[in-house]
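**Q** Here it is, the structure in full.
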There are 4 protein chains.
Amino acid sequence: MHRAKPLPQYLIKRFQGWKATTYAENEPWYRHLAADGQYPRAMVISCCDSRVHVTSIFGAEQGEFFIHRNIANLVPPYNPDGEYHGTSAAIEYAVRALRVSHIIVLGHSNCGGVNGCHDMCSGNAPELEEKTSFIGRWMDILRPGYERVKDIEDEAERRSALEKEAILISLENLADFPFIANEMEQGMLSLHGLWTDTGEGALEHYVAGTGFVPV
Amino acid sequence: MHRAKPLPQYLIKRFQGWKATTYAENEPWYRHLAADGQYPRAMVISCCDSRVHVTSIFGAEQGEFFIHRNIANLVPPYNPDGEYHGTSAAIEYAVRALRVSHIIVLGHSNCGGVNGCHDMCSGNAPELEEKTSFIGRWMDILRPGYERVKDIEDEAERRSALEKEAILISLENLADFPFIANEMEQGMLSLHGLWTDTGEGALEHYVAGTGFVPV
Amino acid sequence: MHRAKPLPQYLIKRFQGWKATTYAENEPWYRHLAADGQYPRAMVISCCDSRVHVTSIFGAEQGEFFIHRNIANLVPPYNPDGEYHGTSAAIEYAVRALRVSHIIVLGHSNCGGVNGCHDMCSGNAPELEEKTSFIGRWMDILRPGYERVKDIEDEAERRSALEKEAILISLENLADFPFIANEMEQGMLSLHGLWTDTGEGALEHYVAGTGFVPV
Amino acid sequence: MHRAKPLPQYLIKRFQGWKATTYAENEPWYRHLAADGQYPRAMVISCCDSRVHVTSIFGAEQGEFFIHRNIANLVPPYNPDGEYHGTSAAIEYAVRALRVSHIIVLGHSNCGGVNGCHDMCSGNAPELEEKTSFIGRWMDILRPGYERVKDIEDEAERRSALEKEAILISLENLADFPFIANEMEQGMLSLHGLWTDTGEGALEHYVAGTGFVPV
């Protein structure tokens, strides 16, 4: 890969600062994790969005969360067809190899992927409907959610409802993975749905029978 | 999704602590990011592993990095076949919608995904060779890398070399995405390969013509 | 301007070195900033003193900080009288055009401007009291600060206290700008006071109700 | 100043990283500068713009440059009327107290202040013509420059020419300060005009009789 470039100097300097301070403070724990392996309590599935910082808002440290991040925190339907499934591979690793106790799906406000899906499904983003659009095809996972919210009149409300559908559809798809259903039945795994407003610093969680409520 | 559960109390408490402290300190910035959108400088592709904390080691804040995390920080080959491609969708969003300037592939020591690939390719993990293994099929992306390191005699050395192949193959695949090649040609995007030893707090970057060297 | 001279060769050489190294490493980011504009998170108001390097101590890169530097990091009172007000113009641009989230006033040890003010106010620098002294008239902004510290007996302590008054008076004046008050009320802007000892590499921040404390 | 807030944690962490690395490497020099005072060789007058990093492009260290930054790197005409003149105070301090050998005026591409002046002078920014606009009144300094470029037909060329006028007018105003004229006559001080294209990483300097040429 002859075209890759060295790391910009400012990141090297910041890394060296981290090494001399945070690393020095935590060296025994980091060495322990390296020698004995990770035992994360939860898997978190969140968006790639730079405004979502899942470790910071939960005060989480190295070793606590196994984190998968993709566009719009989506889990596709269970489909073991022998093709590449990055999200399903991450879930399989978390549940079967690491035996995490919780899977948390963390959605957020102003989600660009969800907005793209909204525009595509309402006929306003033809470029996302093309076969070659990776974003469009990925957001197809959320199409059933659009069907459930499309009659909400207020647009801002409809977009926000679609963000929550992204969480619910992912939870539904998760529950269909046989190894997840099995762990849940045995009381070894629970699923959780969260939505955060990154500007307001607000957090809501899904409560069965009630819907999303502030924590 | 009637089976989802509320968030465990310890995470609610930590969130509330964050809200009262970190959020309060940074409220104007978080509101600004919500109102005016994100302009991250770089996309980082790293592993889901709980021992890898990409923001912490670079002193990065909300808004700086667009982060995709999957098993073994892999990028599959460019293949716009209309199926779900979560990694390619994240890359497309970063480059075409956000116009990031850097894509950093960050690999790490003791990578469980890479070790699984090593065992599978050397005939020691038949369960990963099954069609239904999401992990096995995802790690197929790294098979060409195994071919390049399989003759290294020392096992620890071979496994470590395979971790670096995961970075190099991802960089090669990235450079084959037409919209990435185009941005690179115009001097608007550069690729970077990093490997971190999470126990030692060490960092190496790929330097063309030389290979991986400590920063 | 026929009397201006070409740049000294040693600076040309250093620039060419930077172009071949740092620029080459960061070219996509610099091009991106030029094409899409700057979105700095913070404005920093610091002294012109050559010993104060505001980007270095915060690992800050091009694009992060909008920086105004003047003698003794002073902000004059709000006074829209139609005259030239370079500091107020910089503040107006940062808040109204760029919508920064933080304004950081960064004072420092051994400040020549502050020491000049101390000597002037204590009657030991008659040349600074002349109408034609730009330094003296500029330091008039800090006169109310001298009144608050003049009874401190120890001279070194008194001078250091006056450096901190330069920060506090600037913060007070900033809070009187109507467009700043308005942004603060809406949770879109916060003010911060810092003092650094450049020789010791120490940093203190102002904490309401407590005063300056080491970070 | 009860409304100031503590420094955001991420900047504290980065500072602590700097302290443990860069400071530790340079401690003797920083202590020396604190104990014996600064002897900068040059004063640099540049813009506040976050894309202009004057120390980085010249490999400059603590102690080398006395730096004043304001909107559009402007020097107002000499006018010792007893009012606040932050720029003139900085110049007076550099020349009379520190006795710098060079004053470098560093302009740049895509300058927001210069563009504002262009729009104001061409009648397209009435808000900047109001008496209460600090930006507008500050940019009045550049009005004579607009008169010299207004007949250039191509708009991009005209804006770029106005950026260079900002440098030339500042140099002209500098040469009118009596203490500067005096130092120049005695061969103790020289003036320099520079313009940098921040996206291209290019640098031009003003050569008498020729105009701006690449270094």
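All residue names refer to the structure tokens as shown: chains lettered A, B, ... in order, residues numbered from 1 in each chain, ligands numbered from 1 in order.
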Contacts from chain A to chain B, 6 Å maximum, only C-alpha atoms: show me the residue list as a ChimeraX atom specification.

**A** /A:1-2,4-6,14-15,18,30-31,34,48-51,57-58,62-63,65-71,80,82,84,89-90,131-132,134-135,137-138,172,191-192,199,207-208

**Q** Can you pull out every residue from region 12-134 of chain C that DSSP, working from the backbone, puts in helix (DSSP H, G or I), and format the result as number ranges by chain?

**A** C: 12-36, 54-57, 71-73, 86-97, 112-121, 126-129, 134

**Q** Take CA of Arg99 (chain A) and CA of His108 (chain B) and report the distance between them in Å, one decimal.

**A**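 Distance reported for this atom pair: 21.1 Å.
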
**Q** Tell me which of B:Glu183, B:Gly145, B:Leu174, B:Val105 sits closest to Cys121 (chain B), counting only C-alpha atoms.

**A** B:Gly145
